[in-house]
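K.L.:
A single structure is presented below for examination.
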Amino acid sequence: MIRTLLLVLALLLWLQTSVFTVDAREVAVVTTFGAPARALQAPGLYAKAPWPFQAIVRFDHRARILGVPPTEVLTKDKKNLVVEPFCVWRIEDPQKFLETVGTDEAAEVRLKDLVVSQIAGALGQVEFTDLFSIDRHEGSMLGAGVVERIQSMSKDRLGVAILDVQLEHVGLPVQNEQSIYERMRAERSRIASAYRSEGMQRATEIRAQADRAAAEILANAEREAALVRAEAEGKSTELLSAAYAKDPELFRLLTSIDTMRTVLKGDTVVVLDDDDPLLGEAMRP
C-alpha cells in the first residue's frame, strides 16, 4: 500500500513538471531533448511534456546596458581616434538567441564586436576635422544609418534588439593630443581673426556713412542759414531805403545813435572833436 502511494505521489510530481509559468520580466524557450522547440515571449501559464522529454530555458527580457571598452579607430584621413561606445539591448527572439549564443556573456562578446566594427567603419568614412566641425549637429558623429545597421544585424544574427547606441567618450591618443590641440587652437584663432577683421571693416563703413550723413546735414543747414541771412539782409536794405526816402534827417539821426550804441559798450571812452560828423549828427536838434 505504501509503495503504491509513493508511486502515485512520484507520478503526480512528475506530471507537475509539465506545467510552468513565464514571468513578465523574462522570455523562455521550450526544448525537446535539448533542441529548441518553441519560444514563449508573453507572460502566463503554459504546458509542456514532462521532464526529461521537454525542458524550459529562461532568459531575462529586461533592457541592459553594455559598455564597450575604449577602442582606437582611424578616420578617413588616417587620424587616430579613441571611442568608448555603449549600447542598450535586450533579448527579442529567445529561440534564435538560444541557438546562436545561448548565454548573456556570449551575446555581449558578439555585440561588442558588432558595435565596434560598425562604428569603426562609419568613422573611417569621415575626415577628422569634419567630426569636430562647429557646423556639425550634436549627436550626428556616428553618421546616418549606423544605429539602424547594428539593430538589423543584431536581430538577424543573435535575436537581440538594440534599443540605442551612443558614444560615451570620444578622445585622442595621448601621443597625438598636443599636436591636435595646437592645430585646433590655430584654426579657432584664424576664425576669430576673420571675424574681427570683418567687424572692423563693417565698423569703418558705418563710421564713413555716418560722417557723410553728418557732412550733408551740416552743408544743408549752412546753405539754408545763408539763404535766410541773405533774405533778411535784403529785407533790411529795403526797410532802410524806405526809411531814408521818407525822412533823411531822421534816418541819419537814428543811424548815428545806433553807431554810438555799438561803439560805446561797457566802460568804453570815445573822444570826439566838436566838428566830428558823428557827434554833430547826434547833437543836432
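Labeling convention for the C-alpha cells: chains A, B, ... as they appear, residues from 1 per chain, ligands from 1 in order of appearance.
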If we count only C-alpha atoms and set the cut-off at 12 Å, which residues sit around Ser152 of chain A, ignoring sequence neighbours fewer than 4 positions away in its own chain? Please answer as a list in words.

P.N.:
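Contacts, in chain order: Glu92, Leu114, Val115, Gln118, Gly145, Val146, Val147, Glu148, Asp156, Arg157, Leu158, Gly159, Val160, Ala161, Ile162 and Leu163 of chain A.
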
K.L.:
Please report, as a list in words, each residue of segment 123-217 of chain A to which DSSP assigns strand (DSSP E) when run on this structure's backbone.

P.N.:
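DSSP-assigned strand (DSSP E) residues in segment 123-217 of chain A: Val160, Ala161, Ile162, Leu163, Asp164, Val165, Gln166, Leu167, Glu168, His169, Val170 and Gly171 of chain A.
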
K.L.:
List the spatial neighbours of Glu127 of chain A as a VMD selection string - criterion: any atom at most 10 Å away, only C-alpha atoms, same-chain residues fewer than 3 positions off excluded.

P.N.:
chain A and resid 74 to 79 123 to 124 130 to 132

K.L.:
Output the selection as a PDB file, in the first residue's frame - N, CA and C atoms for each residue.

P.N.:
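This is the output file part_0.pdb:
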ATOM      1  N   LEU A  74      40.485  54.614 -36.846  1.00  0.00           N
ATOM      2  CA  LEU A  74      41.101  55.553 -37.782  1.00  0.00           C
ATOM      3  C   LEU A  74      40.017  56.298 -38.552  1.00  0.00           C
ATOM      4  N   THR A  75      40.224  57.592 -38.750  1.00  0.00           N
ATOM      5  CA  THR A  75      39.316  58.378 -39.574  1.00  0.00           C
ATOM      6  C   THR A  75      39.720  58.230 -41.042  1.00  0.00           C
ATOM      7  N   LYS A  76      38.981  58.875 -41.921  1.00  0.00           N
ATOM      8  CA  LYS A  76      39.254  58.761 -43.354  1.00  0.00           C
ATOM      9  C   LYS A  76      40.628  59.275 -43.720  1.00  0.00           C
ATOM     10  N   ASP A  77      41.095  60.326 -43.033  1.00  0.00           N
ATOM     11  CA  ASP A  77      42.411  60.871 -43.308  1.00  0.00           C
ATOM     12  C   ASP A  77      43.485  60.260 -42.409  1.00  0.00           C
ATOM     13  N   LYS A  78      43.233  59.046 -41.894  1.00  0.00           N
ATOM     14  CA  LYS A  78      44.201  58.249 -41.143  1.00  0.00           C
ATOM     15  C   LYS A  78      44.624  58.905 -39.831  1.00  0.00           C
ATOM     16  N   LYS A  79      43.687  59.563 -39.167  1.00  0.00           N
ATOM     17  CA  LYS A  79      43.956  60.133 -37.855  1.00  0.00           C
ATOM     18  C   LYS A  79      43.378  59.197 -36.788  1.00  0.00           C
ATOM     19  N   LEU A 123      33.180  55.819 -38.856  1.00  0.00           N
ATOM     20  CA  LEU A 123      34.142  56.900 -38.639  1.00  0.00           C
ATOM     21  C   LEU A 123      35.267  56.870 -39.670  1.00  0.00           C
ATOM     22  N   GLY A 124      35.518  55.707 -40.238  1.00  0.00           N
ATOM     23  CA  GLY A 124      36.537  55.610 -41.273  1.00  0.00           C
ATOM     24  C   GLY A 124      36.151  56.279 -42.581  1.00  0.00           C
ATOM     25  N   ASP A 130      36.092  67.104 -39.932  1.00  0.00           N
ATOM     26  CA  ASP A 130      34.637  67.154 -40.081  1.00  0.00           C
ATOM     27  C   ASP A 130      33.928  66.632 -38.836  1.00  0.00           C
ATOM     28  N   LEU A 131      34.574  65.692 -38.123  1.00  0.00           N
ATOM     29  CA  LEU A 131      33.949  65.141 -36.925  1.00  0.00           C
ATOM     30  C   LEU A 131      33.771  66.200 -35.850  1.00  0.00           C
ATOM     31  N   PHE A 132      34.723  67.148 -35.770  1.00  0.00           N
ATOM     32  CA  PHE A 132      34.693  68.163 -34.723  1.00  0.00           C
ATOM     33  C   PHE A 132      34.378  69.534 -35.279  1.00  0.00           C
TER      34      PHE A 132
END

K.L.:
For the atom pair atom CA of Glu105 of chain A and atom CA of Val68 of chain A, what is the interatomic distance in Å to one decimal place?

P.N.:
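Answer for the atom CA of Glu105 of chain A to atom CA of Val68 of chain A separation: 13.3 Å.
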
K.L.:
Dump as CSV the rows for residues of segment 72-161 of chain A within 10 Å of segment 29-44 of chain A: closest atom pair and distance in Å with one decimal, only C-alpha atoms counted, ordered by chain and rising residue number.

P.N.:
residue,atom,partner,partner_atom,distance
A:Ile91,CA,A:Gln41,CA,9.8
A:Glu92,CA,A:Gln41,CA,8.4
A:Asp93,CA,A:Ala39,CA,7.7
A:Pro94,CA,A:Ala39,CA,6.2
A:Gln95,CA,A:Ala39,CA,5.5
A:Lys96,CA,A:Pro36,CA,8.9
A:Phe97,CA,A:Val29,CA,9.7
A:Leu98,CA,A:Pro36,CA,7.7
A:Glu99,CA,A:Pro36,CA,7.5

K.L.:
Could you name the residues that touch Gln166 of chain A at 7 Å or less, counting only C-alpha atoms, but leaving out those on the same chain fewer than 3 positions away, as an MDAnalysis selection string?

P.N.:
chainID A and resid 85:87

K.L.:
For segment 70-73 of chain A, work out the shell of residues within 12 Å, counting only C-alpha atoms and skipping chain neighbours fewer than 3 positions away, then give it as a PyMOL selection string.

P.N.:
chain A and resi 67+76-86+112-113+115-126+128+167-174

K.L.:
The selected residues should be written to file as a compact mmCIF listing (two decimals), in the first residue's frame (atoms: N, CA and C atoms).

P.N.:
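Dumped to out-v6.txt:
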# COMPACT_ATOMS: atom_id res chain seq x y z
N GLY A 67 28.58 48.27 -21.85
CA GLY A 67 29.66 49.21 -22.10
C GLY A 67 30.79 48.55 -22.87
N LYS A 76 38.98 58.87 -41.92
CA LYS A 76 39.25 58.76 -43.35
C LYS A 76 40.63 59.27 -43.72
N ASP A 77 41.09 60.33 -43.03
CA ASP A 77 42.41 60.87 -43.31
C ASP A 77 43.49 60.26 -42.41
N LYS A 78 43.23 59.05 -41.89
CA LYS A 78 44.20 58.25 -41.14
C LYS A 78 44.62 58.91 -39.83
N LYS A 79 43.69 59.56 -39.17
CA LYS A 79 43.96 60.13 -37.85
C LYS A 79 43.38 59.20 -36.79
N ASN A 80 44.16 59.00 -35.74
CA ASN A 80 43.73 58.10 -34.66
C ASN A 80 42.69 58.77 -33.77
N LEU A 81 41.73 57.97 -33.36
CA LEU A 81 40.65 58.47 -32.51
C LEU A 81 40.27 57.36 -31.54
N VAL A 82 40.10 57.70 -30.27
CA VAL A 82 39.72 56.72 -29.26
C VAL A 82 38.24 56.92 -28.93
N VAL A 83 37.43 55.89 -29.12
CA VAL A 83 36.00 55.97 -28.85
C VAL A 83 35.62 54.95 -27.79
N GLU A 84 34.63 55.31 -26.98
CA GLU A 84 34.13 54.42 -25.94
C GLU A 84 32.60 54.38 -26.06
N PRO A 85 32.08 53.46 -26.87
CA PRO A 85 30.63 53.41 -27.08
C PRO A 85 29.93 52.56 -26.01
N PHE A 86 28.62 52.65 -26.00
CA PHE A 86 27.79 51.76 -25.20
C PHE A 86 26.48 51.54 -25.94
N LYS A 112 29.71 43.42 -28.63
CA LYS A 112 30.85 44.34 -28.58
C LYS A 112 31.58 44.37 -29.93
N ASP A 113 31.82 43.19 -30.49
CA ASP A 113 32.50 43.12 -31.78
C ASP A 113 31.67 43.81 -32.87
N VAL A 115 29.31 46.22 -32.53
CA VAL A 115 29.25 47.68 -32.33
C VAL A 115 30.55 48.34 -32.73
N VAL A 116 31.67 47.77 -32.31
CA VAL A 116 32.97 48.36 -32.63
C VAL A 116 33.23 48.35 -34.13
N SER A 117 32.92 47.25 -34.79
CA SER A 117 33.19 47.16 -36.23
C SER A 117 32.35 48.16 -37.02
N GLN A 118 31.09 48.32 -36.65
CA GLN A 118 30.22 49.26 -37.37
C GLN A 118 30.62 50.71 -37.11
N ILE A 119 30.95 51.03 -35.87
CA ILE A 119 31.36 52.40 -35.57
C ILE A 119 32.70 52.72 -36.23
N ALA A 120 33.62 51.78 -36.20
CA ALA A 120 34.92 52.00 -36.86
C ALA A 120 34.73 52.19 -38.36
N GLY A 121 33.84 51.40 -38.96
CA GLY A 121 33.59 51.57 -40.39
C GLY A 121 32.96 52.92 -40.70
N ALA A 122 32.05 53.39 -39.84
CA ALA A 122 31.40 54.68 -40.08
C ALA A 122 32.38 55.84 -39.92
N LEU A 123 33.18 55.82 -38.86
CA LEU A 123 34.14 56.90 -38.64
C LEU A 123 35.27 56.87 -39.67
N GLY A 124 35.52 55.71 -40.24
CA GLY A 124 36.54 55.61 -41.27
C GLY A 124 36.15 56.28 -42.58
N GLN A 125 34.88 56.69 -42.71
CA GLN A 125 34.42 57.38 -43.91
C GLN A 125 34.37 58.90 -43.73
N VAL A 126 34.81 59.39 -42.57
CA VAL A 126 34.69 60.82 -42.26
C VAL A 126 36.06 61.40 -41.97
N PHE A 128 38.78 63.75 -40.10
CA PHE A 128 38.90 64.09 -38.69
C PHE A 128 38.34 65.47 -38.39
N LEU A 167 27.96 57.20 -28.10
CA LEU A 167 29.38 57.31 -27.77
C LEU A 167 29.49 57.98 -26.40
N GLU A 168 29.93 57.22 -25.42
CA GLU A 168 30.08 57.78 -24.08
C GLU A 168 31.27 58.72 -24.00
N HIS A 169 32.31 58.43 -24.76
CA HIS A 169 33.51 59.25 -24.73
C HIS A 169 34.21 59.18 -26.07
N VAL A 170 34.69 60.33 -26.53
CA VAL A 170 35.49 60.41 -27.75
C VAL A 170 36.75 61.19 -27.40
N GLY A 171 37.90 60.62 -27.65
CA GLY A 171 39.14 61.29 -27.29
C GLY A 171 40.23 61.02 -28.30
N LEU A 172 41.41 61.48 -27.95
CA LEU A 172 42.57 61.34 -28.81
C LEU A 172 43.62 60.49 -28.12
N PRO A 173 44.40 59.74 -28.87
CA PRO A 173 45.53 59.05 -28.25
C PRO A 173 46.46 60.05 -27.57
N VAL A 174 47.04 59.67 -26.47
CA VAL A 174 47.86 60.59 -25.68
C VAL A 174 48.97 61.20 -26.52

K.L.:
Could you pull out the helix (DSSP H, G or I) residues of segment 87-210 of chain A from DSSP and send them as a short mmCIF file (atom, residue, chain, number, x, y, z; two decimals) with N, CA and C atoms, in the first residue's frame?

P.N.:
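Result file follows (out.cif):
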data_model
loop_
_atom_site.label_atom_id
_atom_site.label_comp_id
_atom_site.auth_asym_id
_atom_site.auth_seq_id
_atom_site.Cartn_x
_atom_site.Cartn_y
_atom_site.Cartn_z
N PRO A 94 13.98 34.77 -28.36
CA PRO A 94 14.69 33.84 -27.45
C PRO A 94 15.15 32.55 -28.12
N GLN A 95 14.39 32.05 -29.10
CA GLN A 95 14.80 30.82 -29.75
C GLN A 95 16.07 31.02 -30.57
N LYS A 96 16.14 32.09 -31.34
CA LYS A 96 17.36 32.38 -32.10
C LYS A 96 18.52 32.68 -31.16
N PHE A 97 18.22 33.38 -30.05
CA PHE A 97 19.26 33.69 -29.07
C PHE A 97 19.86 32.39 -28.51
N LEU A 98 18.99 31.43 -28.18
CA LEU A 98 19.47 30.16 -27.65
C LEU A 98 20.29 29.40 -28.69
N GLU A 99 19.86 29.44 -29.94
CA GLU A 99 20.54 28.69 -31.00
C GLU A 99 21.89 29.29 -31.37
N THR A 100 22.01 30.63 -31.29
CA THR A 100 23.24 31.28 -31.78
C THR A 100 24.28 31.52 -30.68
N ASP A 104 24.07 35.11 -21.89
CA ASP A 104 24.25 36.56 -21.94
C ASP A 104 25.71 36.94 -22.17
N GLU A 105 26.62 36.21 -21.54
CA GLU A 105 28.04 36.54 -21.68
C GLU A 105 28.50 36.39 -23.13
N ALA A 106 28.10 35.31 -23.78
CA ALA A 106 28.48 35.11 -25.18
C ALA A 106 27.84 36.17 -26.07
N ALA A 107 26.59 36.55 -25.75
CA ALA A 107 25.92 37.58 -26.55
C ALA A 107 26.64 38.92 -26.42
N GLU A 108 27.09 39.26 -25.23
CA GLU A 108 27.78 40.54 -25.04
C GLU A 108 29.09 40.59 -25.80
N VAL A 109 29.80 39.47 -25.86
CA VAL A 109 31.04 39.43 -26.64
C VAL A 109 30.75 39.69 -28.12
N ARG A 110 29.72 39.05 -28.65
CA ARG A 110 29.35 39.25 -30.06
C ARG A 110 28.87 40.69 -30.30
N LEU A 111 28.10 41.23 -29.37
CA LEU A 111 27.60 42.60 -29.52
C LEU A 111 28.74 43.61 -29.51
N LYS A 112 29.71 43.42 -28.63
CA LYS A 112 30.85 44.34 -28.58
C LYS A 112 31.58 44.37 -29.93
N ASP A 113 31.82 43.19 -30.49
CA ASP A 113 32.50 43.12 -31.78
C ASP A 113 31.67 43.81 -32.87
N LEU A 114 30.34 43.59 -32.84
CA LEU A 114 29.47 44.18 -33.85
C LEU A 114 29.46 45.70 -33.74
N VAL A 115 29.31 46.22 -32.53
CA VAL A 115 29.25 47.68 -32.33
C VAL A 115 30.55 48.34 -32.73
N VAL A 116 31.67 47.77 -32.31
CA VAL A 116 32.97 48.36 -32.63
C VAL A 116 33.23 48.35 -34.13
N SER A 117 32.92 47.25 -34.79
CA SER A 117 33.19 47.16 -36.23
C SER A 117 32.35 48.16 -37.02
N GLN A 118 31.09 48.32 -36.65
CA GLN A 118 30.22 49.26 -37.37
C GLN A 118 30.62 50.71 -37.11
N ILE A 119 30.95 51.03 -35.87
CA ILE A 119 31.36 52.40 -35.57
C ILE A 119 32.70 52.72 -36.23
N ALA A 120 33.62 51.78 -36.20
CA ALA A 120 34.92 52.00 -36.86
C ALA A 120 34.73 52.19 -38.36
N GLY A 121 33.84 51.40 -38.96
CA GLY A 121 33.59 51.57 -40.39
C GLY A 121 32.96 52.92 -40.70
N ALA A 122 32.05 53.39 -39.84
CA ALA A 122 31.40 54.68 -40.08
C ALA A 122 32.38 55.84 -39.92
N LEU A 123 33.18 55.82 -38.86
CA LEU A 123 34.14 56.90 -38.64
C LEU A 123 35.27 56.87 -39.67
N PHE A 128 38.78 63.75 -40.10
CA PHE A 128 38.90 64.09 -38.69
C PHE A 128 38.34 65.47 -38.39
N THR A 129 38.68 66.46 -39.22
CA THR A 129 38.23 67.82 -38.97
C THR A 129 36.71 67.94 -39.09
N ASP A 130 36.09 67.10 -39.93
CA ASP A 130 34.64 67.15 -40.08
C ASP A 130 33.93 66.63 -38.84
N LEU A 131 34.57 65.69 -38.12
CA LEU A 131 33.95 65.14 -36.92
C LEU A 131 33.77 66.20 -35.85
N VAL A 146 24.09 54.12 -39.02
CA VAL A 146 24.94 53.22 -38.25
C VAL A 146 24.11 52.44 -37.22
N VAL A 147 23.30 53.16 -36.46
CA VAL A 147 22.48 52.50 -35.43
C VAL A 147 21.51 51.52 -36.08
N GLU A 148 20.93 51.94 -37.21
CA GLU A 148 19.97 51.06 -37.90
C GLU A 148 20.64 49.76 -38.36
N ARG A 149 21.88 49.86 -38.86
CA ARG A 149 22.59 48.65 -39.30
C ARG A 149 22.89 47.73 -38.11
N ILE A 150 23.31 48.31 -37.02
CA ILE A 150 23.59 47.49 -35.83
C ILE A 150 22.32 46.81 -35.35
N GLN A 151 21.21 47.54 -35.35
CA GLN A 151 19.94 46.95 -34.92
C GLN A 151 19.54 45.79 -35.82
N SER A 152 19.66 45.99 -37.12
CA SER A 152 19.25 44.94 -38.06
C SER A 152 20.14 43.71 -37.96
N MET A 153 21.44 43.90 -37.87
CA MET A 153 22.38 42.77 -37.82
C MET A 153 22.25 42.01 -36.51
N SER A 154 22.08 42.73 -35.39
CA SER A 154 21.97 42.04 -34.10
C SER A 154 20.68 41.23 -34.03
N LYS A 155 19.60 41.72 -34.62
CA LYS A 155 18.34 40.99 -34.60
C LYS A 155 18.42 39.75 -35.49
N ASP A 156 19.01 39.92 -36.69
CA ASP A 156 19.08 38.79 -37.62
C ASP A 156 20.06 37.72 -37.15
N ARG A 157 21.17 38.12 -36.56
CA ARG A 157 22.22 37.17 -36.21
C ARG A 157 22.08 36.60 -34.80
N LEU A 158 21.59 37.41 -33.87
CA LEU A 158 21.61 36.99 -32.46
C LEU A 158 20.23 36.93 -31.83
N VAL A 174 47.04 59.67 -26.47
CA VAL A 174 47.86 60.59 -25.68
C VAL A 174 48.97 61.20 -26.52
N GLN A 175 49.58 60.43 -27.39
CA GLN A 175 50.71 60.94 -28.17
C GLN A 175 50.28 61.96 -29.22
N ASN A 176 48.99 62.03 -29.54
CA ASN A 176 48.53 62.95 -30.58
C ASN A 176 47.78 64.16 -30.02
N GLU A 177 47.49 64.16 -28.73
CA GLU A 177 46.63 65.21 -28.18
C GLU A 177 47.21 66.60 -28.37
N GLN A 178 48.50 66.78 -28.04
CA GLN A 178 49.07 68.12 -28.06
C GLN A 178 49.05 68.71 -29.47
N SER A 179 49.47 67.93 -30.47
CA SER A 179 49.51 68.44 -31.84
C SER A 179 48.10 68.74 -32.35
N ILE A 180 47.14 67.91 -31.98
CA ILE A 180 45.76 68.15 -32.39
C ILE A 180 45.22 69.42 -31.75
N TYR A 181 45.49 69.58 -30.45
CA TYR A 181 45.01 70.78 -29.77
C TYR A 181 45.63 72.04 -30.37
N GLU A 182 46.90 71.98 -30.71
CA GLU A 182 47.55 73.15 -31.31
C GLU A 182 46.92 73.49 -32.66
N ARG A 183 46.65 72.46 -33.45
CA ARG A 183 46.03 72.69 -34.74
C ARG A 183 44.62 73.25 -34.59
N MET A 184 43.87 72.72 -33.62
CA MET A 184 42.52 73.23 -33.39
C MET A 184 42.57 74.67 -32.87
N ARG A 185 43.56 74.96 -32.00
CA ARG A 185 43.69 76.33 -31.49
C ARG A 185 44.02 77.30 -32.62
N ALA A 186 44.91 76.89 -33.52
CA ALA A 186 45.27 77.74 -34.66
C ALA A 186 44.07 77.98 -35.56
N GLU A 187 43.26 76.94 -35.76
CA GLU A 187 42.07 77.09 -36.60
C GLU A 187 41.07 78.05 -35.97
N ARG A 188 40.87 77.92 -34.65
CA ARG A 188 39.94 78.83 -33.98
C ARG A 188 40.47 80.26 -33.98
N SER A 189 41.80 80.42 -33.86
CA SER A 189 42.38 81.77 -33.91
C SER A 189 42.19 82.39 -35.29
N ARG A 190 42.33 81.56 -36.33
CA ARG A 190 42.12 82.08 -37.68
C ARG A 190 40.68 82.53 -37.87
N ILE A 191 39.74 81.74 -37.38
CA ILE A 191 38.32 82.11 -37.50
C ILE A 191 38.03 83.38 -36.70
N ALA A 192 38.62 83.49 -35.48
CA ALA A 192 38.40 84.69 -34.66
C ALA A 192 38.98 85.92 -35.34
N SER A 193 40.16 85.78 -35.96
CA SER A 193 40.77 86.92 -36.66
C SER A 193 39.91 87.35 -37.84
N ALA A 194 39.35 86.38 -38.54
CA ALA A 194 38.48 86.72 -39.66
C ALA A 194 37.24 87.47 -39.18
N TYR A 195 36.67 87.03 -38.06
CA TYR A 195 35.51 87.73 -37.50
C TYR A 195 35.88 89.16 -37.08
N ARG A 196 37.05 89.30 -36.43
CA ARG A 196 37.46 90.64 -36.01
C ARG A 196 37.70 91.55 -37.20
N SER A 197 38.37 91.04 -38.25
CA SER A 197 38.61 91.85 -39.44
C SER A 197 37.30 92.27 -40.09
N GLU A 198 36.38 91.33 -40.17
CA GLU A 198 35.08 91.66 -40.75
C GLU A 198 34.35 92.72 -39.92
N GLY A 199 34.46 92.59 -38.59
CA GLY A 199 33.83 93.57 -37.72
C GLY A 199 34.44 94.95 -37.86
N MET A 200 35.78 94.99 -37.95
CA MET A 200 36.45 96.29 -38.11
C MET A 200 36.09 96.94 -39.44
N GLN A 201 36.03 96.13 -40.50
CA GLN A 201 35.65 96.66 -41.80
C GLN A 201 34.23 97.21 -41.77
N ARG A 202 33.34 96.47 -41.12
CA ARG A 202 31.96 96.93 -41.03
C ARG A 202 31.86 98.21 -40.21
N ALA A 203 32.64 98.28 -39.11
CA ALA A 203 32.64 99.50 -38.29
C ALA A 203 33.14 100.69 -39.08
N THR A 204 34.20 100.50 -39.90
CA THR A 204 34.72 101.59 -40.72
C THR A 204 33.68 102.07 -41.72
N GLU A 205 32.98 101.12 -42.34
CA GLU A 205 31.93 101.50 -43.29
C GLU A 205 30.82 102.29 -42.60
N ILE A 206 30.43 101.86 -41.40
CA ILE A 206 29.36 102.56 -40.67
C ILE A 206 29.81 103.97 -40.30
N ARG A 207 31.06 104.11 -39.82
CA ARG A 207 31.55 105.44 -39.47
C ARG A 207 31.62 106.35 -40.69
N ALA A 208 32.07 105.80 -41.84
CA ALA A 208 32.15 106.60 -43.05
C ALA A 208 30.76 107.07 -43.49
N GLN A 209 29.78 106.17 -43.39
CA GLN A 209 28.42 106.55 -43.74
C GLN A 209 27.89 107.63 -42.80
N ALA A 210 28.21 107.49 -41.50
CA ALA A 210 27.76 108.49 -40.52
C ALA A 210 28.42 109.85 -40.79
#

K.L.:
For the atom pair atom CA of Lys48 of chain A and atom CA of Arg62 of chain A, what is the interatomic distance in Å to one decimal place?

P.N.:
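That distance, rounded to one decimal, is 24.6 Å.
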